[in-house]
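A.B. asks: For reference, this is input-v5.pdb, and it has PDB, C-alpha atoms.
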ATOM      1  CA  MET Y   1     -49.140  16.499 -41.690
ATOM      2  CA  SER Y   2     -45.708  17.874 -41.150
ATOM      3  CA  CYS Y   3     -43.479  20.251 -43.030
ATOM      4  CA  THR Y   4     -40.988  18.844 -45.441
ATOM      5  CA  LEU Y   5     -37.442  19.862 -44.707
ATOM      6  CA  THR Y   6     -35.878  21.175 -47.863
ATOM      7  CA  LEU Y   7     -32.198  21.742 -47.479
ATOM      8  CA  THR Y   8     -31.945  24.517 -49.977
ATOM      9  CA  LEU Y   9     -30.233  26.483 -47.260
ATOM     10  CA  GLY Y  10     -26.905  24.828 -47.884
ATOM     11  CA  GLY Y  11     -25.690  26.975 -50.730
ATOM     12  CA  ALA Y  12     -26.712  30.325 -49.315
ATOM     13  CA  LEU Y  13     -25.364  29.649 -45.858
ATOM     14  CA  THR Y  14     -22.155  28.205 -47.174
ATOM     15  CA  ARG Y  15     -21.625  31.367 -49.205
ATOM     16  CA  THR Y  16     -22.432  33.512 -46.174
ATOM     17  CA  LEU Y  17     -19.921  31.658 -44.071
ATOM     18  CA  ALA Y  18     -17.308  31.903 -46.797
ATOM     19  CA  LEU Y  19     -17.839  35.648 -47.204
ATOM     20  CA  ALA Y  20     -17.689  36.463 -43.507
ATOM     21  CA  LEU Y  21     -14.941  38.915 -42.754
ATOM     22  CA  ALA Y  22     -11.915  37.744 -40.866
ATOM     23  CA  SER Y  23     -13.089  39.514 -37.711
ATOM     24  CA  THR Y  24     -16.693  38.347 -38.018
ATOM     25  CA  GLN Y  25     -18.387  35.248 -36.724
ATOM     26  CA  VAL Y  26     -21.729  33.921 -37.902
ATOM     27  CA  LEU Y  27     -24.437  32.489 -35.653
ATOM     28  CA  LEU Y  28     -26.635  30.016 -37.513
ATOM     29  CA  ASP Y  29     -30.156  30.298 -36.115
ATOM     30  CA  LEU Y  30     -33.252  28.233 -36.930
ATOM     31  CA  HIS Y  31     -35.770  31.003 -37.476
ATOM     32  CA  GLY Y  32     -38.521  29.003 -39.130
ATOM     33  CA  ALA Y  33     -39.346  25.812 -37.297
ATOM     34  CA  PRO Y  34     -41.539  23.352 -39.200
ATOM     35  CA  GLY Y  35     -45.114  23.810 -38.099
ATOM     36  CA  GLY Y  36     -44.354  27.284 -36.837
ATOM     37  CA  GLN Y  37     -43.061  28.093 -33.376
ATOM     38  CA  THR Y  38     -45.303  31.153 -33.259
ATOM     39  CA  VAL Y  39     -48.208  32.551 -35.197
ATOM     40  CA  ASN Y  40     -45.954  35.277 -36.554
ATOM     41  CA  GLN Y  41     -45.213  35.544 -40.240
ATOM     42  CA  ASP Y  42     -41.487  35.078 -39.723
ATOM     43  CA  THR Y  43     -41.742  31.474 -38.640
ATOM     44  CA  GLY Y  44     -41.971  28.103 -40.282
ATOM     45  CA  CYS Y  45     -44.870  26.835 -42.350
ATOM     46  CA  ALA Y  46     -48.095  26.278 -40.456
ATOM     47  CA  THR Y  47     -49.456  22.790 -40.825
ATOM     48  CA  ALA Y  48     -52.899  21.308 -40.554
ATOM     49  CA  CYS Y  49     -54.475  19.861 -37.471
ATOM     50  CA  GLU Y  50     -53.587  16.267 -36.629
ATOM     51  CA  GLY Y  51     -55.648  13.804 -34.643
ATOM     52  CA  ASP Y  52     -58.649  14.331 -32.467
ATOM     53  CA  GLY Y  53     -59.288  17.335 -30.358
ATOM     54  CA  CYS Y  54     -56.969  19.820 -31.948
ATOM     55  CA  GLY Y  55     -58.146  23.324 -32.563
ATOM     56  CA  LYS Y  56     -57.312  25.842 -35.225
ATOM     57  CA  ALA Y  57     -54.236  25.023 -37.222
ATOM     58  CA  SER Y  58     -51.502  27.570 -36.934
ATOM     59  CA  HIS Y  59     -49.008  26.451 -34.391
ATOM     60  CA  TYR Y  60     -47.967  22.872 -34.420
ATOM     61  CA  PHE Y  61     -44.226  22.976 -34.096
ATOM     62  CA  THR Y  62     -44.385  20.863 -30.979
ATOM     63  CA  ARG Y  63     -45.941  17.917 -32.793
ATOM     64  CA  PRO Y  64     -43.456  15.031 -32.814
ATOM     65  CA  ARG Y  65     -42.843  14.887 -36.558
ATOM     66  CA  ASN Y  66     -42.195  18.605 -36.732
ATOM     67  CA  VAL Y  67     -39.877  18.485 -33.753
ATOM     68  CA  ALA Y  68     -37.986  15.645 -35.420
ATOM     69  CA  THR Y  69     -37.660  17.678 -38.606
ATOM     70  CA  ALA Y  70     -36.371  20.669 -36.659
ATOM     71  CA  VAL Y  71     -33.812  18.469 -34.933
ATOM     72  CA  THR Y  72     -32.678  17.255 -38.358
ATOM     73  CA  ALA Y  73     -32.355  20.863 -39.500
ATOM     74  CA  VAL Y  74     -30.233  22.031 -36.573
ATOM     75  CA  THR Y  75     -28.094  18.906 -36.899
ATOM     76  CA  ARG Y  76     -27.372  19.902 -40.501
ATOM     77  CA  LEU Y  77     -26.639  23.454 -39.385
ATOM     78  CA  ALA Y  78     -24.193  22.065 -36.851
ATOM     79  CA  GLN Y  79     -22.396  20.114 -39.549
ATOM     80  CA  MET Y  80     -22.103  23.285 -41.608
ATOM     81  CA  CYS Y  81     -20.831  25.124 -38.570
ATOM     82  CA  VAL Y  82     -18.159  22.502 -38.025
ATOM     83  CA  ALA Y  83     -17.104  22.790 -41.661
ATOM     84  CA  ALA Y  84     -16.869  26.568 -41.357
ATOM     85  CA  GLY Y  85     -14.430  26.379 -38.467
ATOM     86  CA  PRO Y  86     -13.828  29.518 -36.397
ATOM     87  CA  THR Y  87     -16.046  31.598 -38.685
ATOM     88  CA  CYS Y  88     -19.060  29.961 -37.078
ATOM     89  CA  TYR Y  89     -19.890  31.265 -33.615
ATOM     90  CA  GLY Y  90     -22.408  28.551 -32.878
ATOM     91  CA  ILE Y  91     -25.904  27.222 -33.450
ATOM     92  CA  GLU Y  92     -29.113  28.761 -32.149
ATOM     93  CA  LEU Y  93     -31.745  26.076 -31.840
ATOM     94  CA  LEU Y  94     -34.872  28.188 -32.274
ATOM     95  CA  ASN Y  95     -35.700  31.839 -32.729
ATOM     96  CA  GLU Y  96     -38.435  33.412 -30.651
ATOM     97  CA  PRO Y  97     -40.738  30.614 -29.575
ATOM     98  CA  THR Y  98     -44.237  31.823 -28.972
ATOM     99  CA  PRO Y  99     -44.587  34.032 -25.900
ATOM    100  CA  TYR Y 100     -48.150  32.806 -25.416
ATOM    101  CA  ILE Y 101     -48.888  29.964 -23.047
ATOM    102  CA  VAL Y 102     -52.659  29.964 -23.513
ATOM    103  CA  GLY Y 103     -54.908  30.364 -26.549
ATOM    104  CA  GLU Y 104     -54.254  29.846 -30.229
ATOM    105  CA  GLY Y 105     -50.606  29.413 -30.995
ATOM    106  CA  ALA Y 106     -49.788  28.715 -27.388
ATOM    107  CA  SER Y 107     -47.069  26.372 -26.262
ATOM    108  CA  ASP Y 108     -45.950  25.439 -22.817
ATOM    109  CA  ARG Y 109     -42.288  25.649 -21.938
ATOM    110  CA  ALA Y 110     -42.069  21.952 -21.127
ATOM    111  CA  ALA Y 111     -42.470  21.268 -24.847
ATOM    112  CA  LEU Y 112     -39.652  23.683 -25.565
ATOM    113  CA  LEU Y 113     -37.496  22.027 -22.937
ATOM    114  CA  HIS Y 114     -38.116  18.683 -24.634
ATOM    115  CA  TYR Y 115     -37.108  20.080 -28.029
ATOM    116  CA  TYR Y 116     -33.996  21.682 -26.581
ATOM    117  CA  GLN Y 117     -33.000  18.371 -24.983
ATOM    118  CA  LEU Y 118     -33.347  16.490 -28.274
ATOM    119  CA  ALA Y 119     -31.655  19.206 -30.289
ATOM    120  CA  ILE Y 120     -28.666  19.581 -27.960
ATOM    121  CA  ALA Y 121     -28.031  15.841 -28.077
ATOM    122  CA  ALA Y 122     -28.286  15.814 -31.871
ATOM    123  CA  VAL Y 123     -26.128  18.890 -32.443
ATOM    124  CA  ARG Y 124     -23.352  17.572 -30.211
ATOM    125  CA  GLY Y 125     -23.784  14.027 -31.498
ATOM    126  CA  ALA Y 126     -24.585  13.609 -35.176
ATOM    127  CA  GLY Y 127     -23.928  17.310 -35.772
ATOM    128  CA  GLY Y 128     -20.398  16.935 -34.478
ATOM    129  CA  LEU Y 129     -20.315  20.372 -32.867
ATOM    130  CA  ASP Y 130     -17.436  20.660 -30.434
ATOM    131  CA  ALA Y 131     -18.418  21.154 -26.815
ATOM    132  CA  ALA Y 132     -16.644  24.503 -26.726
ATOM    133  CA  VAL Y 133     -18.727  25.951 -29.578
ATOM    134  CA  PRO Y 134     -21.865  27.588 -28.182
ATOM    135  CA  ILE Y 135     -25.336  26.221 -28.557
ATOM    136  CA  VAL Y 136     -27.603  29.225 -28.140
ATOM    137  CA  LEU Y 137     -30.990  28.848 -26.465
ATOM    138  CA  MET Y 138     -33.510  31.618 -26.939
ATOM    139  CA  ASP Y 139     -36.485  32.578 -24.856
ATOM    140  CA  TRP Y 140     -38.184  35.754 -23.753
ATOM    141  CA  PRO Y 141     -37.215  37.553 -20.533
ATOM    142  CA  GLN Y 142     -40.436  36.604 -18.769
ATOM    143  CA  PHE Y 143     -39.638  32.921 -19.219
ATOM    144  CA  LEU Y 144     -36.008  33.289 -18.188
ATOM    145  CA  ALA Y 145     -37.285  34.824 -14.971
ATOM    146  CA  SER Y 146     -39.766  32.054 -14.340
ATOM    147  CA  TYR Y 147     -39.685  28.662 -16.081
ATOM    148  CA  TRP Y 148     -36.012  28.654 -17.050
ATOM    149  CA  LEU Y 149     -34.958  29.926 -13.681
ATOM    150  CA  ARG Y 150     -36.082  26.529 -12.424
ATOM    151  CA  ASN Y 151     -35.247  24.383 -15.438
ATOM    152  CA  ALA Y 152     -32.155  25.734 -17.207
ATOM    153  CA  ARG Y 153     -29.915  23.452 -15.189
ATOM    154  CA  ALA Y 154     -31.712  20.440 -16.644
ATOM    155  CA  LEU Y 155     -30.216  21.343 -20.004
ATOM    156  CA  ALA Y 156     -26.764  22.193 -18.693
ATOM    157  CA  ALA Y 157     -26.691  18.813 -16.968
ATOM    158  CA  LEU Y 158     -27.262  16.842 -20.156
ATOM    159  CA  PRO Y 159     -24.286  14.591 -20.943
ATOM    160  CA  GLY Y 160     -22.066  16.363 -23.440
ATOM    161  CA  ALA Y 161     -24.172  19.514 -23.466
ATOM    162  CA  GLY Y 162     -21.046  21.642 -23.676
ATOM    163  CA  THR Y 163     -21.245  25.406 -23.854
ATOM    164  CA  LEU Y 164     -24.810  26.658 -23.633
ATOM    165  CA  VAL Y 165     -25.617  30.351 -23.962
ATOM    166  CA  TRP Y 166     -29.034  31.793 -23.276
ATOM    167  CA  GLU Y 167     -30.156  34.613 -25.504
ATOM    168  CA  SER Y 168     -33.094  36.937 -25.161
ATOM    169  CA  HIS Y 169     -34.788  39.709 -27.085
ATOM    170  CA  ILE Y 170     -36.767  42.651 -25.904
ATOM    171  CA  TYR Y 171     -39.296  44.331 -28.121
ATOM    172  CA  ALA Y 172     -42.350  46.466 -27.557
ATOM    173  CA  GLY Y 173     -44.217  43.621 -25.924
ATOM    174  CA  VAL Y 174     -42.137  43.830 -22.767
ATOM    175  CA  SER Y 175     -42.370  47.204 -21.096
ATOM    176  CA  THR Y 176     -40.108  48.688 -18.497
ATOM    177  CA  SER Y 177     -42.788  48.161 -15.875
ATOM    178  CA  THR Y 178     -43.026  44.506 -16.845
ATOM    179  CA  LEU Y 179     -39.294  44.162 -16.526
ATOM    180  CA  LEU Y 180     -39.431  45.731 -13.096
ATOM    181  CA  GLU Y 181     -42.037  43.173 -12.108
ATOM    182  CA  LEU Y 182     -39.887  40.384 -13.491
ATOM    183  CA  LYS Y 183     -36.890  41.727 -11.682
ATOM    184  CA  ALA Y 184     -38.737  41.118  -8.447
ATOM    185  CA  LEU Y 185     -39.022  37.443  -9.397
ATOM    186  CA  ALA Y 186     -35.343  36.994 -10.124
ATOM    187  CA  PRO Y 187     -32.764  36.480  -7.422
ATOM    188  CA  THR Y 188     -30.447  39.326  -6.629
ATOM    189  CA  PRO Y 189     -27.016  38.803  -8.185
ATOM    190  CA  PRO Y 190     -24.106  38.827  -5.777
ATOM    191  CA  THR Y 191     -22.558  42.053  -7.034
ATOM    192  CA  SER Y 192     -23.657  44.980  -9.150
ATOM    193  CA  PRO Y 193     -21.409  46.784 -11.615
ATOM    194  CA  PHE Y 194     -23.588  49.908 -11.487
TER     195      PHE Y 194
ATOM    196  CA  MET V   1     -20.023  40.463 -16.832
ATOM    197  CA  LYS V   2     -16.856  42.429 -17.362
ATOM    198  CA  ALA V   3     -17.960  43.617 -20.797
ATOM    199  CA  LEU V   4     -21.249  44.888 -19.445
ATOM    200  CA  SER V   5     -19.681  46.595 -16.481
ATOM    201  CA  LEU V   6     -17.298  48.431 -18.759
ATOM    202  CA  ALA V   7     -19.613  49.158 -21.646
ATOM    203  CA  LEU V   8     -22.683  50.622 -20.041
ATOM    204  CA  PRO V   9     -21.049  53.318 -17.920
ATOM    205  CA  LEU V  10     -18.891  54.279 -20.875
ATOM    206  CA  LEU V  11     -21.884  54.543 -23.140
ATOM    207  CA  LEU V  12     -23.951  56.438 -20.652
ATOM    208  CA  SER V  13     -21.262  58.859 -19.677
ATOM    209  CA  ALA V  14     -19.571  59.534 -22.974
ATOM    210  CA  ARG V  15     -22.197  59.381 -25.686
ATOM    211  CA  LEU V  16     -25.481  60.666 -24.349
ATOM    212  CA  PRO V  17     -26.789  63.899 -22.881
ATOM    213  CA  PRO V  18     -28.040  63.591 -19.281
ATOM    214  CA  ALA V  19     -31.739  63.320 -20.129
ATOM    215  CA  LEU V  20     -31.134  60.412 -22.481
ATOM    216  CA  GLN V  21     -28.838  58.755 -19.983
ATOM    217  CA  THR V  22     -31.723  58.666 -17.531
ATOM    218  CA  ARG V  23     -34.112  57.239 -20.104
ATOM    219  CA  THR V  24     -31.611  54.635 -21.194
ATOM    220  CA  LYS V  25     -30.994  53.516 -17.661
ATOM    221  CA  ALA V  26     -34.723  53.236 -17.021
ATOM    222  CA  ILE V  27     -35.102  50.864 -19.932
ATOM    223  CA  THR V  28     -31.954  48.840 -19.730
ATOM    224  CA  LEU V  29     -31.091  48.414 -16.094
ATOM    225  CA  PRO V  30     -34.130  46.294 -15.177
ATOM    226  CA  LEU V  31     -33.448  44.061 -18.158
ATOM    227  CA  PHE V  32     -29.796  43.662 -17.394
ATOM    228  CA  GLU V  33     -30.493  43.014 -13.755
ATOM    229  CA  LEU V  34     -33.057  40.390 -14.680
ATOM    230  CA  LEU V  35     -30.639  38.635 -16.998
ATOM    231  CA  ARG V  36     -27.812  38.884 -14.518
ATOM    232  CA  GLY V  37     -30.098  37.452 -11.863
ATOM    233  CA  PHE V  38     -30.965  34.561 -14.135
ATOM    234  CA  ALA V  39     -27.285  33.984 -14.893
ATOM    235  CA  ALA V  40     -26.344  34.088 -11.218
ATOM    236  CA  ALA V  41     -29.112  31.710 -10.211
ATOM    237  CA  THR V  42     -28.558  29.143 -12.931
ATOM    238  CA  GLY V  43     -24.865  29.468 -13.724
ATOM    239  CA  ALA V  44     -25.850  30.135 -17.336
ATOM    240  CA  ARG V  45     -24.244  32.474 -19.813
ATOM    241  CA  VAL V  46     -26.627  35.054 -21.218
ATOM    242  CA  MET V  47     -26.523  37.518 -24.074
ATOM    243  CA  LEU V  48     -28.900  39.875 -25.808
ATOM    244  CA  GLY V  49     -29.471  39.341 -29.482
ATOM    245  CA  GLU V  50     -31.090  40.226 -32.760
ATOM    246  CA  TRP V  51     -32.456  43.775 -32.948
ATOM    247  CA  THR V  52     -32.929  44.060 -29.225
ATOM    248  CA  LEU V  53     -30.259  46.617 -28.690
ATOM    249  CA  ALA V  54     -31.061  48.581 -31.780
ATOM    250  CA  ARG V  55     -34.660  48.698 -30.627
ATOM    251  CA  LEU V  56     -33.627  49.776 -27.179
ATOM    252  CA  GLY V  57     -31.431  52.344 -28.793
ATOM    253  CA  SER V  58     -34.303  53.707 -30.808
ATOM    254  CA  ARG V  59     -36.556  53.897 -27.783
ATOM    255  CA  ALA V  60     -33.868  55.562 -25.759
ATOM    256  CA  GLY V  61     -32.869  57.981 -28.456
ATOM    257  CA  LEU V  62     -29.539  56.362 -29.161
ATOM    258  CA  ASP V  63     -28.078  56.618 -32.604
ATOM    259  CA  ALA V  64     -27.323  53.592 -34.727
ATOM    260  CA  ALA V  65     -23.648  53.578 -33.861
ATOM    261  CA  ALA V  66     -24.422  53.498 -30.174
ATOM    262  CA  ALA V  67     -26.900  50.687 -30.725
ATOM    263  CA  ARG V  68     -24.304  48.658 -32.563
ATOM    264  CA  TYR V  69     -21.852  49.340 -29.784
ATOM    265  CA  TYR V  70     -24.391  48.038 -27.326
ATOM    266  CA  TYR V  71     -24.959  44.946 -29.423
ATOM    267  CA  GLU V  72     -21.291  44.090 -29.452
ATOM    268  CA  GLU V  73     -20.545  44.797 -25.831
ATOM    269  CA  THR V  74     -23.503  43.777 -23.750
ATOM    270  CA  ARG V  75     -23.010  40.114 -23.193
ATOM    271  CA  VAL V  76     -24.003  40.027 -19.597
ATOM    272  CA  SER V  77     -22.041  36.983 -18.600
TER     273      SER V  77
END
Could you quickly redo this structure as structure tokens?

C.D. replies:
Amino acid sequence: MSCTLTLTLGGALTRTLALALASTQVLLDLHGAPGGQTVNQDTGCATACEGDGCGKASHYFTRPRNVATAVTAVTRLAQMCVAAGPTCYGIELLNEPTPYIVGEGASDRAALLHYYQLAIAAVRGAGGLDAAVPIVLMDWPQFLASYWLRNARALAALPGAGTLVWESHIYAGVSTSTLLELKALAPTPPTSPF
Amino acid sequence: MKALSLALPLLLSARLPPALQTRTKAITLPLFELLRGFAAATGARVMLGEWTLARLGSRAGLDAAAARYYYEETRVS
């Protein structure tokens, strides 16, 4: 079972883009991936278990049909972004994928890499988004300092990937001490402005 | 990088009393350094988004205007 993509978003987003102030740009962000990219309430619909061996149903975004539906959604967002012109800052492919890599709702980052590869190709291809307009890739600081430190270049190297911007959020789940630990994992930048 | 280098010292020096400056630095500098390290290692552009800066502002005792200022100015690369 997969979520059905209902493009009711067109009218509301078109109005939002039209109402944006002259000095404002709008970033269109897929917050609710079909199947749910987390177990949080602010994600896409959770779907039932498919096939043998699956556990509790709550987080099945990475199933192929759901990934395909998400790619269709961001492609449509890209087309709207193109139509909006300079008002549109860019397209964010997915908001806040699950931070859990084990247990219910878990997802490994290789699955996210796969989705990002498909989505970038679709947004630049069928979506028609110019290479200069940012595609925004979100993940949590702990994954930027680990998995993406090793794998971000695989996305930048995609043919026609264009401008990619990584975005991160920090909420209560990442403490200062955690960040200090992560800092130790990251390479030292060449210069410091502080 | 330029925006961050200009914005943070300005914010810390001009808008906050010394005690809050220290708290703000304790929260933000490790994060910025992590993101800058990621950017330097991968060649990627990085920015902070959503309510991150407002949340940081709340934790650090910043007011809403300062948080918005952060949000606008803290693209780290």

A.B. asks: I'd like the contact shell of Gly127 in chain Y - 6 Å cut-off, only C-alpha atoms, skipping same-chain residues fewer than 5 positions apart - returned as a PDB file with C-alpha atoms, in the coordinates of the input.

C.D. replies:
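In the end it all went to selection_31.pdb:
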ATOM      1  CA  THR Y  75     -28.094  18.906 -36.899  1.00  0.00           C
ATOM      2  CA  ALA Y  78     -24.193  22.065 -36.851  1.00  0.00           C
ATOM      3  CA  GLN Y  79     -22.396  20.114 -39.549  1.00  0.00           C
TER       4      GLN Y  79
END

A.B. asks: What is the distance, in Å and to one decimal place, between CA of Glu167 in chain Y and CA of Asp139 in chain Y?

C.D. replies: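 Answer for the CA of Glu167 in chain Y to CA of Asp139 in chain Y separation: 6.7 Å.
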
A.B. asks: Give me the result of the PyMOL selection byres ((chain Y and resi 25) around 6) on this file, residue by residue, as a PyMOL selection string.

C.D. replies: chain Y and resi 24+26+87-89

A.B. asks: Just the number, please: distance in Å from CA of Leu28 in chain Y to CA of Ala132 in chain Y, one decimal.

C.D. replies: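 For CA of Leu28 in chain Y relative to CA of Ala132 in chain Y, the distance reads 15.7 Å.
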
A.B. asks: What is the CA of Asn66 in chain Y-CA of Gly36 in chain Y distance in Å, reported with one decimal?

C.D. replies: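 Interatomic distance here is 8.9 Å.
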
A.B. asks: Name every residue that the PyMOL selection byres ((chain Y and resi 96) around 7) selects in this structure, writing the answer as a ChimeraX atom specification with chains first and numbers rising.

C.D. replies: /Y:94-95,97-98,138-139

A.B. asks: Go ahead and write the selection's residues with C-alpha atoms as an mmCIF file, keeping the file's coordinate frame.

C.D. replies:
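The resulting part_7.cif:
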data_model
loop_
_atom_site.group_PDB
_atom_site.id
_atom_site.type_symbol
_atom_site.label_atom_id
_atom_site.label_comp_id
_atom_site.auth_asym_id
_atom_site.auth_seq_id
_atom_site.Cartn_x
_atom_site.Cartn_y
_atom_site.Cartn_z
ATOM 1 C CA LEU Y 94 -34.872 28.188 -32.274
ATOM 2 C CA ASN Y 95 -35.700 31.839 -32.729
ATOM 3 C CA PRO Y 97 -40.738 30.614 -29.575
ATOM 4 C CA THR Y 98 -44.237 31.823 -28.972
ATOM 5 C CA MET Y 138 -33.510 31.618 -26.939
ATOM 6 C CA ASP Y 139 -36.485 32.578 -24.856
#

A.B. asks: Might you spell out which residues the PyMOL selection byres ((chain Y and resi 84) around 12) would select in the displayed file, as a list in words?

C.D. replies: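 What the PyMOL selection byres ((chain Y and resi 84) around 12) grabs from the file is Leu13, Thr14, Arg15, Thr16, Leu17, Ala18, Leu19, Ala20, Gln25, Val26, Leu27, Leu28, Leu77, Ala78, Gln79, Met80, Cys81, Val82, Ala83, Gly85, Pro86, Thr87, Cys88, Tyr89, Gly90, Leu129 and Val133 of chain Y.
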
A.B. asks: Give the padded box for range 119-137 of chain Y as JSON: axis-aligned, covering all atoms listed in the file, 6 Å on each side, centre and edge lengths in Å to one decimal.

C.D. replies:
{"center_x": -24.1, "center_y": 21.4, "center_z": -31.1, "size_x": 27.0, "size_y": 27.6, "size_z": 21.3}
